[in-house]
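Structure below is query.cif: mmCIF, C-alpha atoms.
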data_work
loop_
_atom_site.label_atom_id
_atom_site.label_comp_id
_atom_site.auth_asym_id
_atom_site.auth_seq_id
_atom_site.Cartn_x
_atom_site.Cartn_y
_atom_site.Cartn_z
CA MET O 12 0.00 0.00 0.00
CA ILE O 13 1.33 3.48 -0.86
CA PRO O 14 2.41 5.21 2.38
CA ALA O 15 0.40 8.39 3.02
CA SER O 16 3.59 10.12 4.23
CA VAL O 17 5.20 9.89 0.77
CA LEU O 18 4.36 12.89 -1.40
CA PRO O 19 3.01 11.64 -4.76
CA ALA O 20 5.07 12.47 -7.81
CA TRP O 21 2.49 14.84 -9.26
CA LEU O 22 2.74 17.05 -6.14
CA SER O 23 6.52 16.99 -5.78
CA GLY O 24 7.27 20.16 -7.77
CA THR O 25 8.94 23.11 -6.02
CA ASP O 26 8.86 25.81 -8.73
CA PRO O 27 7.11 28.87 -7.17
CA GLU O 28 5.39 29.62 -10.50
CA GLN O 29 4.14 26.04 -11.07
CA ILE O 30 1.69 26.79 -13.87
CA VAL O 31 2.03 23.21 -15.10
CA VAL O 32 1.53 21.29 -11.88
CA SER O 33 2.08 17.87 -13.41
CA SER O 34 2.38 15.87 -16.63
CA ARG O 35 0.96 12.41 -17.24
CA ILE O 36 1.42 9.79 -19.95
CA ARG O 37 -1.11 6.95 -20.11
CA LEU O 38 -1.17 3.92 -22.40
CA ALA O 39 -4.27 1.72 -22.79
CA ARG O 40 -3.74 -1.97 -23.55
CA ASN O 41 -5.89 -5.13 -23.60
CA LEU O 42 -5.08 -8.84 -23.64
CA ALA O 43 -5.85 -10.66 -26.86
CA SER O 44 -7.18 -13.82 -25.22
CA HIS O 45 -9.82 -12.24 -22.94
CA PHE O 46 -13.03 -10.25 -23.21
CA PHE O 47 -12.50 -6.57 -22.44
CA PRO O 48 -13.37 -5.63 -18.82
CA ASP O 49 -16.88 -4.27 -19.46
CA ARG O 50 -17.81 -7.57 -21.17
CA SER O 51 -16.05 -10.04 -18.87
CA ILE O 52 -17.55 -12.16 -16.09
CA PRO O 53 -16.08 -12.08 -12.53
CA ALA O 54 -14.08 -15.29 -12.98
CA GLU O 55 -12.40 -13.91 -16.10
CA ARG O 56 -11.61 -10.61 -14.40
CA MET O 57 -9.91 -12.63 -11.66
CA ARG O 58 -7.83 -14.52 -14.23
CA VAL O 59 -6.84 -11.31 -16.00
CA PHE O 60 -5.81 -9.65 -12.72
CA SER O 61 -3.71 -12.68 -11.77
CA GLU O 62 -2.11 -12.91 -15.22
CA ILE O 63 -1.13 -9.23 -15.33
CA SER O 64 0.08 -8.99 -11.73
CA SER O 65 2.19 -12.17 -12.15
CA ALA O 66 3.74 -10.84 -15.35
CA ALA O 67 4.53 -7.46 -13.74
CA ALA O 68 6.09 -9.10 -10.67
CA SER O 69 8.67 -10.84 -12.88
CA LEU O 70 9.85 -7.67 -14.64
CA PRO O 71 12.60 -5.19 -13.60
CA ALA O 72 10.44 -2.11 -14.24
CA PHE O 73 7.92 -3.26 -11.63
CA ALA O 74 10.26 -4.86 -9.08
CA GLU O 75 9.77 -2.11 -6.47
CA MET O 76 6.00 -1.83 -6.92
CA THR O 77 3.11 -2.72 -4.63
CA CYS O 78 0.07 -4.62 -5.95
CA CYS O 79 -3.35 -3.69 -4.51
CA ASN O 80 -6.58 -5.49 -5.40
CA MET O 81 -9.55 -3.20 -4.75
CA VAL O 82 -11.62 -6.09 -3.39
CA ASP O 83 -9.14 -6.37 -0.50
CA LEU O 84 -9.11 -2.66 0.35
CA SER O 85 -11.37 -0.58 2.56
CA ALA O 86 -13.30 2.32 1.04
CA GLN O 87 -10.84 4.68 2.72
CA ARG O 88 -7.81 2.96 1.18
CA ARG O 89 -9.42 2.98 -2.27
CA GLN O 90 -10.17 6.70 -1.89
CA LEU O 91 -6.56 7.27 -0.83
CA LEU O 92 -5.32 5.81 -4.12
CA LEU O 93 -7.72 8.06 -6.02
CA GLU O 94 -6.57 11.18 -4.16
CA ARG O 95 -2.95 10.33 -4.93
CA ARG O 96 -3.87 9.81 -8.60
CA ALA O 97 -2.62 6.21 -8.48
CA ALA O 98 -6.16 5.06 -9.35
CA SER O 99 -9.09 6.45 -11.33
CA ARG O 100 -12.65 6.95 -10.14
CA LYS O 101 -13.85 4.23 -12.53
CA LEU O 102 -11.36 1.80 -10.99
CA VAL O 103 -12.29 2.74 -7.41
CA GLU O 104 -16.03 2.49 -8.04
CA GLY O 105 -15.91 -0.66 -10.22
CA SER O 106 -16.57 -4.25 -9.23
CA GLY O 107 -14.67 -7.52 -9.15
CA ASP O 108 -10.92 -8.06 -9.24
CA ARG O 109 -9.26 -4.82 -10.27
CA GLY O 110 -6.51 -2.71 -8.84
CA THR O 111 -3.19 -0.95 -9.07
CA ILE O 112 0.45 -1.91 -9.26
CA SER O 113 2.47 1.19 -8.41
CA THR O 114 5.56 2.75 -6.89
CA ASP O 115 5.30 4.42 -3.47
CA ASN O 116 5.05 7.89 -5.02
CA ALA O 117 2.81 6.70 -7.90
CA ALA O 118 5.35 7.92 -10.46
CA LEU O 119 4.63 4.74 -12.44
CA SER O 120 1.41 2.77 -12.07
CA LEU O 121 -0.54 -0.01 -13.73
CA LEU O 122 -4.32 0.21 -13.50
CA VAL O 123 -5.69 -3.31 -14.01
CA ASN O 124 -9.25 -4.10 -15.16
CA GLU O 125 -10.41 -0.50 -15.36
CA GLU O 126 -11.96 0.44 -18.74
CA ASP O 127 -9.19 -1.60 -20.37
CA HIS O 128 -7.23 -4.54 -19.01
CA ILE O 129 -4.13 -2.37 -18.54
CA ARG O 130 -3.60 1.35 -18.17
CA ILE O 131 0.13 2.16 -17.89
CA GLN O 132 0.48 5.57 -16.25
CA ALA O 133 3.63 7.66 -15.72
CA ILE O 134 3.25 10.94 -13.86
CA GLY O 135 5.64 13.67 -12.71
CA PRO O 136 5.87 17.35 -11.70
CA GLY O 137 5.98 20.19 -14.19
CA LEU O 138 6.30 19.91 -17.96
CA CYS O 139 8.10 16.56 -18.29
CA ALA O 140 6.10 14.55 -20.83
CA LEU O 141 9.06 13.27 -22.87
CA ASP O 142 10.78 11.80 -19.82
CA LEU O 143 7.51 10.20 -18.74
CA TRP O 144 6.98 8.75 -22.19
CA GLU O 145 10.36 7.00 -21.95
CA HIS O 146 9.34 5.38 -18.63
CA ALA O 147 5.89 4.37 -19.87
CA ASP O 148 7.26 3.04 -23.17
CA ASN O 149 9.87 0.92 -21.37
CA ALA O 150 7.19 -0.52 -19.07
CA ASP O 151 4.95 -1.19 -22.08
CA THR O 152 7.75 -3.00 -23.92
CA GLU O 153 8.55 -5.20 -20.93
CA LEU O 154 4.90 -6.10 -20.38
CA GLY O 155 4.35 -6.69 -24.09
CA ASP O 156 7.13 -9.28 -24.07
CA LYS O 157 5.23 -11.24 -21.38
CA LEU O 158 1.62 -10.65 -22.45
CA GLU O 159 -0.13 -10.84 -25.82
CA TYR O 160 -1.78 -7.49 -26.50
CA ALA O 161 -4.94 -7.07 -28.58
CA PHE O 162 -3.48 -5.50 -31.73
CA GLU O 163 -4.36 -5.27 -35.41
CA PRO O 164 -1.90 -3.85 -37.96
CA SER O 165 -4.57 -1.69 -39.61
CA ARG O 166 -6.04 -0.34 -36.32
CA GLY O 167 -3.21 -0.47 -33.83
CA PHE O 168 -3.92 -1.36 -30.19
CA LEU O 169 -7.58 -2.27 -29.60
CA THR O 170 -9.34 -0.54 -26.71
CA SER O 171 -12.78 -0.49 -25.10
CA CYS O 172 -13.39 3.10 -26.24
CA PRO O 173 -12.79 3.66 -29.98
CA THR O 174 -11.23 7.08 -29.35
CA ASN O 175 -8.35 5.40 -27.50
CA ALA O 176 -7.62 2.86 -30.24
CA GLY O 177 -4.44 3.14 -32.27
CA THR O 178 -1.62 4.25 -30.02
CA GLY O 179 -3.76 4.00 -26.86
CA LEU O 180 -1.95 7.14 -25.73
CA ARG O 181 -3.16 10.05 -23.62
CA ALA O 182 -0.79 12.88 -22.79
CA SER O 183 -2.28 15.20 -20.19
CA PHE O 184 -1.19 18.19 -18.12
CA LEU O 185 -2.67 19.50 -14.88
CA MET O 186 -2.50 23.29 -15.10
CA HIS O 187 -3.11 26.09 -12.60
CA LEU O 188 -4.54 29.12 -14.41
CA PRO O 189 -5.77 31.68 -11.83
CA ALA O 190 -4.49 34.85 -13.54
CA LEU O 191 -6.29 34.00 -16.79
CA ALA O 192 -9.47 33.64 -14.73
CA LEU O 193 -8.96 36.90 -12.82
CA THR O 194 -8.21 38.86 -16.01
CA GLY O 195 -11.24 37.40 -17.82
CA ALA O 196 -9.29 35.56 -20.53
CA LEU O 197 -9.74 31.98 -19.31
CA ASP O 198 -12.90 31.04 -21.21
CA GLN O 199 -11.36 32.14 -24.50
CA VAL O 200 -8.16 30.16 -23.90
CA LEU O 201 -10.02 26.98 -22.89
CA ALA O 202 -12.44 27.31 -25.81
CA GLY O 203 -9.47 27.62 -28.15
CA ALA O 204 -7.97 24.41 -26.77
CA GLY O 205 -11.29 22.62 -27.38
CA GLN O 206 -11.50 23.91 -30.93
CA LEU O 207 -8.00 22.57 -31.61
CA GLY O 208 -9.22 19.09 -30.66
CA PHE O 209 -7.98 18.85 -27.07
CA ALA O 210 -10.05 17.76 -24.08
CA VAL O 211 -10.30 20.10 -21.09
CA ARG O 212 -11.34 18.51 -17.78
CA GLY O 213 -11.40 19.26 -14.08
CA PHE O 214 -8.99 18.58 -11.22
CA PHE O 215 -9.35 14.77 -11.17
CA GLY O 216 -9.78 14.34 -14.92
CA GLU O 217 -12.75 12.81 -16.74
CA GLY O 218 -16.08 13.42 -15.01
CA SER O 219 -14.65 15.85 -12.45
CA ASP O 220 -15.46 19.52 -11.92
CA ALA O 221 -13.13 22.46 -12.41
CA VAL O 222 -12.17 23.84 -9.01
CA GLY O 223 -9.45 26.18 -7.80
CA HIS O 224 -8.63 27.17 -11.40
CA TYR O 225 -7.06 23.74 -12.02
CA PHE O 226 -7.61 22.15 -15.43
CA GLN O 227 -6.39 19.01 -17.18
CA ILE O 228 -5.76 19.24 -20.91
CA SER O 229 -5.12 16.15 -23.04
CA ASN O 230 -5.22 14.83 -26.60
CA ARG O 231 -8.64 13.44 -27.56
CA ALA O 232 -7.72 10.92 -30.27
CA GLY O 233 -5.49 7.87 -30.09
CA CYS O 234 -4.85 7.44 -33.79
CA GLY O 235 -3.80 9.63 -36.71
CA MET O 236 -0.36 10.47 -35.33
CA SER O 237 2.61 8.72 -33.77
CA GLU O 238 3.06 8.70 -30.00
CA ASP O 239 5.86 11.27 -30.29
CA ASP O 240 3.63 13.59 -32.33
CA PHE O 241 0.72 13.32 -29.88
CA ILE O 242 3.03 14.14 -26.99
CA HIS O 243 4.67 17.00 -28.87
CA GLU O 244 1.36 18.58 -29.92
CA THR O 245 -0.18 18.36 -26.45
CA ALA O 246 2.99 19.61 -24.73
CA LEU O 247 3.12 22.49 -27.21
CA LEU O 248 -0.42 23.50 -26.24
CA ALA O 249 0.49 23.30 -22.54
CA SER O 250 3.52 25.48 -23.23
CA ARG O 251 1.39 28.07 -25.04
CA MET O 252 -1.17 28.11 -22.24
CA THR O 253 1.72 28.58 -19.79
CA ASP O 254 2.81 31.63 -21.78
CA TYR O 255 -0.75 33.03 -21.70
CA GLU O 256 -0.98 32.50 -17.93
CA ARG O 257 2.47 34.00 -17.39
CA SER O 258 1.51 37.11 -19.39
CA ALA O 259 -1.74 37.41 -17.44
CA ARG O 260 0.19 37.19 -14.17
CA THR O 261 2.61 39.91 -15.26
CA LYS O 262 -0.30 42.17 -16.11
CA LEU O 263 -2.06 41.36 -12.85
CA PHE O 264 1.06 41.93 -10.73
CA ASN O 265 1.79 45.25 -12.45
CA ASP O 266 -1.72 46.68 -12.76
CA ALA O 267 -3.51 45.27 -9.72
CA GLY O 268 -0.77 44.33 -7.27
CA GLU O 269 -2.44 45.92 -4.24
CA GLU O 270 -5.80 44.35 -5.01
CA LEU O 271 -4.14 40.96 -5.46
CA ALA O 272 -2.27 41.29 -2.15
CA GLU O 273 -5.55 42.13 -0.41
CA LYS O 274 -7.19 39.06 -1.96
CA VAL O 275 -4.29 36.83 -0.90
CA TRP O 276 -4.27 38.05 2.71
CA ARG O 277 -8.05 37.79 2.95
CA SER O 278 -7.72 34.16 1.81
CA ILE O 279 -5.11 33.56 4.50
CA GLY O 280 -7.42 35.12 7.09
CA ILE O 281 -10.26 32.78 6.15
CA LEU O 282 -7.99 29.74 6.22
CA LEU O 283 -6.60 30.75 9.62
CA TYR O 284 -9.94 31.40 11.31
CA ALA O 285 -12.64 29.41 9.49
CA ARG O 286 -14.24 26.77 11.69
CA SER O 287 -15.41 24.68 8.74
CA LEU O 288 -13.99 24.31 5.22
CA THR O 289 -15.15 22.13 2.37
CA LEU O 290 -12.49 20.72 0.06
CA ARG O 291 -13.80 22.93 -2.75
CA GLU O 292 -13.51 26.04 -0.54
CA PHE O 293 -9.97 25.12 0.44
CA LEU O 294 -8.84 24.49 -3.15
CA SER O 295 -10.28 27.84 -4.21
CA LEU O 296 -8.60 29.75 -1.37
CA SER O 297 -5.28 27.92 -1.69
CA SER O 298 -5.32 28.69 -5.42
CA CYS O 299 -5.11 32.34 -4.46
CA LEU O 300 -2.25 31.57 -2.07
CA ARG O 301 -0.33 29.86 -4.87
CA LEU O 302 -0.65 33.00 -6.92
CA GLY O 303 0.57 34.97 -3.90
CA VAL O 304 3.67 32.74 -3.68
CA ALA O 305 4.42 33.34 -7.37
CA ALA O 306 4.04 37.11 -6.82
CA GLY O 307 6.24 37.12 -3.70
CA ILE O 308 3.38 38.45 -1.58
CA VAL O 309 3.77 35.83 1.16
CA PRO O 310 7.51 35.08 1.48
CA ASP O 311 7.03 32.51 4.25
CA LEU O 312 4.85 30.27 2.07
CA THR O 313 6.25 27.77 -0.43
CA VAL O 314 4.69 25.64 -3.13
CA GLU O 315 5.95 22.52 -1.34
CA PHE O 316 4.07 23.54 1.83
CA LEU O 317 0.87 24.20 -0.14
CA ASN O 318 1.22 20.87 -1.96
CA ARG O 319 1.49 19.00 1.34
CA LEU O 320 -1.43 20.98 2.75
CA MET O 321 -3.50 20.09 -0.31
CA LEU O 322 -2.78 16.38 0.03
CA SER O 323 -3.57 16.46 3.76
CA SER O 324 -6.91 18.16 3.10
CA PHE O 325 -8.30 15.36 0.91
CA PRO O 326 -10.96 13.28 2.75
CA ALA O 327 -9.14 9.93 2.97
CA HIS O 328 -5.89 11.60 3.99
CA LEU O 329 -7.74 13.51 6.72
CA GLU O 330 -9.24 10.28 8.04
CA LEU O 331 -5.97 8.40 7.87
CA ALA O 332 -4.14 11.12 9.83
CA ALA O 333 -6.89 11.17 12.48
CA GLY O 334 -7.25 7.40 12.64
CA GLU O 335 -11.04 7.58 12.30
CA SER O 336 -13.80 8.13 9.76
CA PHE O 337 -15.85 11.34 9.56
CA SER O 338 -19.16 12.50 8.21
CA SER O 339 -18.75 15.22 5.56
CA GLU O 340 -19.62 17.93 8.12
CA ASN O 341 -17.12 16.65 10.65
CA ALA O 342 -14.52 16.36 7.91
CA ASP O 343 -15.03 20.03 7.06
CA ARG O 344 -14.38 20.98 10.69
CA VAL O 345 -11.33 18.73 10.99
CA ARG O 346 -9.98 20.12 7.70
CA ALA O 347 -10.38 23.71 8.91
CA ALA O 348 -8.61 22.97 12.20
CA MET O 349 -5.75 21.15 10.47
CA ILE O 350 -5.22 23.95 7.94
CA SER O 351 -5.42 26.66 10.61
CA LYS O 352 -2.78 24.92 12.74
CA ALA O 353 -0.42 24.34 9.81
CA LEU O 354 -0.69 27.94 8.58
CA SER O 355 -0.36 29.51 12.03
CA GLU O 356 3.00 27.78 12.47
CA ILE O 357 4.55 29.66 9.53
CA ILE O 358 2.52 32.88 9.06
#
Would you write out, as structure tokens, the structure that this file holds?
Amino acid sequence: MIPASVLPAWLSGTDPEQIVVSSRIRLARNLASHFFPDRSIPAERMRVFSEISSAAASLPAFAEMTCCNMVDLSAQRRQLLLERRAASRKLVEGSGDRGTISTDNAALSLLVNEEDHIRIQAIGPGLCALDLWEHADNADTELGDKLEYAFEPSRGFLTSCPTNAGTGLRASFLMHLPALALTGALDQVLAGAGQLGFAVRGFFGEGSDAVGHYFQISNRAGCGMSEDDFIHETALLASRMTDYERSARTKLFNDAGEELAEKVWRSIGILLYARSLTLREFLSLSSCLRLGVAAGIVPDLTVEFLNRLMLSSFPAHLELAAGESFSSENADRVRAAMISKALSEII
């Protein structure tokens, strides 16, 4: 099981600007000799899970990994994997034998029996897609030598969703874009990304809401280009959006520095003295603090501190730290107290 004390790879960045919070490369694969997960019966899902986990255990790329079957985990432990982005919501909420094989910091993970038999996921801080692609590709090659993938020369890798077929690749970037929102340019930038054929999703990806000015952008199609081209095109868009956000920040810092400082310190005041905070409220307020760190408004705060505070504020992490389960209302009170204590020690 991934230790809660280990900061996940996607939150390990220390750049004060941190417009691109994290990059992720994901490859979808299926086994040729089995029905795809949505069509398989429980006994077959069990066989697939056993086959994939046994193959991974024998390979160097997965030697240091931990295998978790969701049927053996509590709801809290499953939620913990979701919060650390080592698992997806579909995997957590699914049925039958399914799970993850991952490193302690979730830098490299296998999601087994999710929408496809295998999702190979490499994730890291900042704009690092090419390095992640090398890790994911190596893992894919090793697994492919042990397992027979569903593949057709004319279609590429076969997947449950037709949009993933071909390369099976998704390159995605979690971006923090508060200045574009505050200057009124965000909708235009996101609409432009959609018109160029890229998907724009919320904090936790597909099916999640946008909160705290965090957005995930990714390629929509899996065929029509090579893996390198998909990664290059998506990374290029992330780079352009970074430039737009950086320009918006410069304008904001120069033209409305006092107003921004007031907004940042008001956010700190709420976080210090609120008696109850929902996760959505915290992510919105801490988004403002991140902008304050980038602007040098709060010299005692760091991105690393805010990243750890974010992780600690997620529901399963709150419960794990307290050693008990909470109702949503109690969780909001515990979250507020934890955040207040952590902030008061450095502000």
Which residues fall under the PyMOL selection byres ((chain O and resi 200-206) around 10) in this file, as a ChimeraX atom specification?
/O:191-192,195-199,207-212,226,228-231,245,248-249,251-252,255-256
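One distance worth recording is that between CA of Gly24 (chain O) and CA of Thr313 (chain O), which is 10.6 Å.
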Got a sec: who's within 10 Å of region 137-152 of chain O, counting all atoms listed in the file, leaving out chain neighbours fewer than 6 positions off, as an MDAnalysis selection string?
chainID O and resid 21:26 29:40 67 70:73 118:121 129:131 158 180 182:186 238:239 242:243 245:246 249:250 253
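The smallest atom-to-atom distance between Gln90 (chain O) and any of O:Glu330, O:Ser338, O:Met349, O:Glu270, using all atoms listed in the file, is found for O:Glu330.
Once His224 (chain O) and its same-chain neighbours fewer than 3 positions away are set aside, Met186, His187, Leu188, Pro189, Ala190, Leu191, Ala192, Leu193, Leu197, Gly213, Phe214, Ala221, Leu294, Ser295, Ser298 and Cys299 of chain O remain within 10 Å of it when counting only C-alpha atoms.
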Mind dumping the selected residues with C-alpha atoms as an mmCIF file, in the frame of the given file?
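Saved as again23.cif:
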data_model
loop_
_atom_site.group_PDB
_atom_site.id
_atom_site.type_symbol
_atom_site.label_atom_id
_atom_site.label_comp_id
_atom_site.auth_asym_id
_atom_site.auth_seq_id
_atom_site.Cartn_x
_atom_site.Cartn_y
_atom_site.Cartn_z
ATOM 1 C CA MET O 186 -2.500 23.290 -15.100
ATOM 2 C CA HIS O 187 -3.110 26.090 -12.600
ATOM 3 C CA LEU O 188 -4.540 29.120 -14.410
ATOM 4 C CA PRO O 189 -5.770 31.680 -11.830
ATOM 5 C CA ALA O 190 -4.490 34.850 -13.540
ATOM 6 C CA LEU O 191 -6.290 34.000 -16.790
ATOM 7 C CA ALA O 192 -9.470 33.640 -14.730
ATOM 8 C CA LEU O 193 -8.960 36.900 -12.820
ATOM 9 C CA LEU O 197 -9.740 31.980 -19.310
ATOM 10 C CA GLY O 213 -11.400 19.260 -14.080
ATOM 11 C CA PHE O 214 -8.990 18.580 -11.220
ATOM 12 C CA ALA O 221 -13.130 22.460 -12.410
ATOM 13 C CA LEU O 294 -8.840 24.490 -3.150
ATOM 14 C CA SER O 295 -10.280 27.840 -4.210
ATOM 15 C CA SER O 298 -5.320 28.690 -5.420
ATOM 16 C CA CYS O 299 -5.110 32.340 -4.460
#
On this structure, the PyMOL selection byres ((chain O and resi 88) around 12) would catch which residues? List them as a PyMOL selection string, sorted by chain and number.
chain O and resi 12-15+79-87+89-95+97-98+103+110-111+326-331+336
Grab the residues selected above and save them as a PDB file, in the frame of the given file with C-alpha atoms.
ATOM      1  CA  MET O  12       0.000   0.000   0.000  1.00  0.00           C
ATOM      2  CA  ILE O  13       1.330   3.480  -0.860  1.00  0.00           C
ATOM      3  CA  PRO O  14       2.410   5.210   2.380  1.00  0.00           C
ATOM      4  CA  ALA O  15       0.400   8.390   3.020  1.00  0.00           C
ATOM      5  CA  CYS O  79      -3.350  -3.690  -4.510  1.00  0.00           C
ATOM      6  CA  ASN O  80      -6.580  -5.490  -5.400  1.00  0.00           C
ATOM      7  CA  MET O  81      -9.550  -3.200  -4.750  1.00  0.00           C
ATOM      8  CA  VAL O  82     -11.620  -6.090  -3.390  1.00  0.00           C
ATOM      9  CA  ASP O  83      -9.140  -6.370  -0.500  1.00  0.00           C
ATOM     10  CA  LEU O  84      -9.110  -2.660   0.350  1.00  0.00           C
ATOM     11  CA  SER O  85     -11.370  -0.580   2.560  1.00  0.00           C
ATOM     12  CA  ALA O  86     -13.300   2.320   1.040  1.00  0.00           C
ATOM     13  CA  GLN O  87     -10.840   4.680   2.720  1.00  0.00           C
ATOM     14  CA  ARG O  89      -9.420   2.980  -2.270  1.00  0.00           C
ATOM     15  CA  GLN O  90     -10.170   6.700  -1.890  1.00  0.00           C
ATOM     16  CA  LEU O  91      -6.560   7.270  -0.830  1.00  0.00           C
ATOM     17  CA  LEU O  92      -5.320   5.810  -4.120  1.00  0.00           C
ATOM     18  CA  LEU O  93      -7.720   8.060  -6.020  1.00  0.00           C
ATOM     19  CA  GLU O  94      -6.570  11.180  -4.160  1.00  0.00           C
ATOM     20  CA  ARG O  95      -2.950  10.330  -4.930  1.00  0.00           C
ATOM     21  CA  ALA O  97      -2.620   6.210  -8.480  1.00  0.00           C
ATOM     22  CA  ALA O  98      -6.160   5.060  -9.350  1.00  0.00           C
ATOM     23  CA  VAL O 103     -12.290   2.740  -7.410  1.00  0.00           C
ATOM     24  CA  GLY O 110      -6.510  -2.710  -8.840  1.00  0.00           C
ATOM     25  CA  THR O 111      -3.190  -0.950  -9.070  1.00  0.00           C
ATOM     26  CA  PRO O 326     -10.960  13.280   2.750  1.00  0.00           C
ATOM     27  CA  ALA O 327      -9.140   9.930   2.970  1.00  0.00           C
ATOM     28  CA  HIS O 328      -5.890  11.600   3.990  1.00  0.00           C
ATOM     29  CA  LEU O 329      -7.740  13.510   6.720  1.00  0.00           C
ATOM     30  CA  GLU O 330      -9.240  10.280   8.040  1.00  0.00           C
ATOM     31  CA  LEU O 331      -5.970   8.400   7.870  1.00  0.00           C
ATOM     32  CA  SER O 336     -13.800   8.130   9.760  1.00  0.00           C
TER      33      SER O 336
END
Please produce region 292-303 of chain O, completed to N, CA and C atoms, as a PDB file, in the frame of the given file.
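Full text of out.pdb as output:
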ATOM      1  N   GLU O 292     -13.866  24.717  -1.081  1.00  0.00           N
ATOM      2  CA  GLU O 292     -13.510  26.040  -0.540  1.00  0.00           C
ATOM      3  C   GLU O 292     -11.999  26.138  -0.340  1.00  0.00           C
ATOM      4  N   PHE O 293     -11.409  25.078   0.210  1.00  0.00           N
ATOM      5  CA  PHE O 293      -9.970  25.120   0.440  1.00  0.00           C
ATOM      6  C   PHE O 293      -9.200  25.237  -0.870  1.00  0.00           C
ATOM      7  N   LEU O 294      -9.560  24.442  -1.882  1.00  0.00           N
ATOM      8  CA  LEU O 294      -8.840  24.490  -3.150  1.00  0.00           C
ATOM      9  C   LEU O 294      -8.953  25.863  -3.798  1.00  0.00           C
ATOM     10  N   SER O 295     -10.099  26.499  -3.667  1.00  0.00           N
ATOM     11  CA  SER O 295     -10.280  27.840  -4.210  1.00  0.00           C
ATOM     12  C   SER O 295      -9.406  28.862  -3.485  1.00  0.00           C
ATOM     13  N   LEU O 296      -9.391  28.798  -2.157  1.00  0.00           N
ATOM     14  CA  LEU O 296      -8.600  29.750  -1.370  1.00  0.00           C
ATOM     15  C   LEU O 296      -7.103  29.486  -1.534  1.00  0.00           C
ATOM     16  N   SER O 297      -6.709  28.225  -1.554  1.00  0.00           N
ATOM     17  CA  SER O 297      -5.280  27.920  -1.690  1.00  0.00           C
ATOM     18  C   SER O 297      -4.778  28.244  -3.091  1.00  0.00           C
ATOM     19  N   SER O 298      -5.680  28.253  -4.080  1.00  0.00           N
ATOM     20  CA  SER O 298      -5.320  28.690  -5.420  1.00  0.00           C
ATOM     21  C   SER O 298      -4.827  30.130  -5.388  1.00  0.00           C
ATOM     22  N   CYS O 299      -5.512  30.943  -4.609  1.00  0.00           N
ATOM     23  CA  CYS O 299      -5.110  32.340  -4.460  1.00  0.00           C
ATOM     24  C   CYS O 299      -3.754  32.439  -3.754  1.00  0.00           C
ATOM     25  N   LEU O 300      -3.537  31.576  -2.765  1.00  0.00           N
ATOM     26  CA  LEU O 300      -2.250  31.570  -2.070  1.00  0.00           C
ATOM     27  C   LEU O 300      -1.104  31.190  -3.005  1.00  0.00           C
ATOM     28  N   ARG O 301      -1.357  30.234  -3.898  1.00  0.00           N
ATOM     29  CA  ARG O 301      -0.330  29.860  -4.870  1.00  0.00           C
ATOM     30  C   ARG O 301       0.057  31.043  -5.744  1.00  0.00           C
ATOM     31  N   LEU O 302      -0.937  31.807  -6.134  1.00  0.00           N
ATOM     32  CA  LEU O 302      -0.650  33.000  -6.920  1.00  0.00           C
ATOM     33  C   LEU O 302       0.146  34.002  -6.089  1.00  0.00           C
ATOM     34  N   GLY O 303      -0.182  34.089  -4.795  1.00  0.00           N
ATOM     35  CA  GLY O 303       0.570  34.970  -3.900  1.00  0.00           C
ATOM     36  C   GLY O 303       2.019  34.550  -3.747  1.00  0.00           C
TER      37      GLY O 303
END
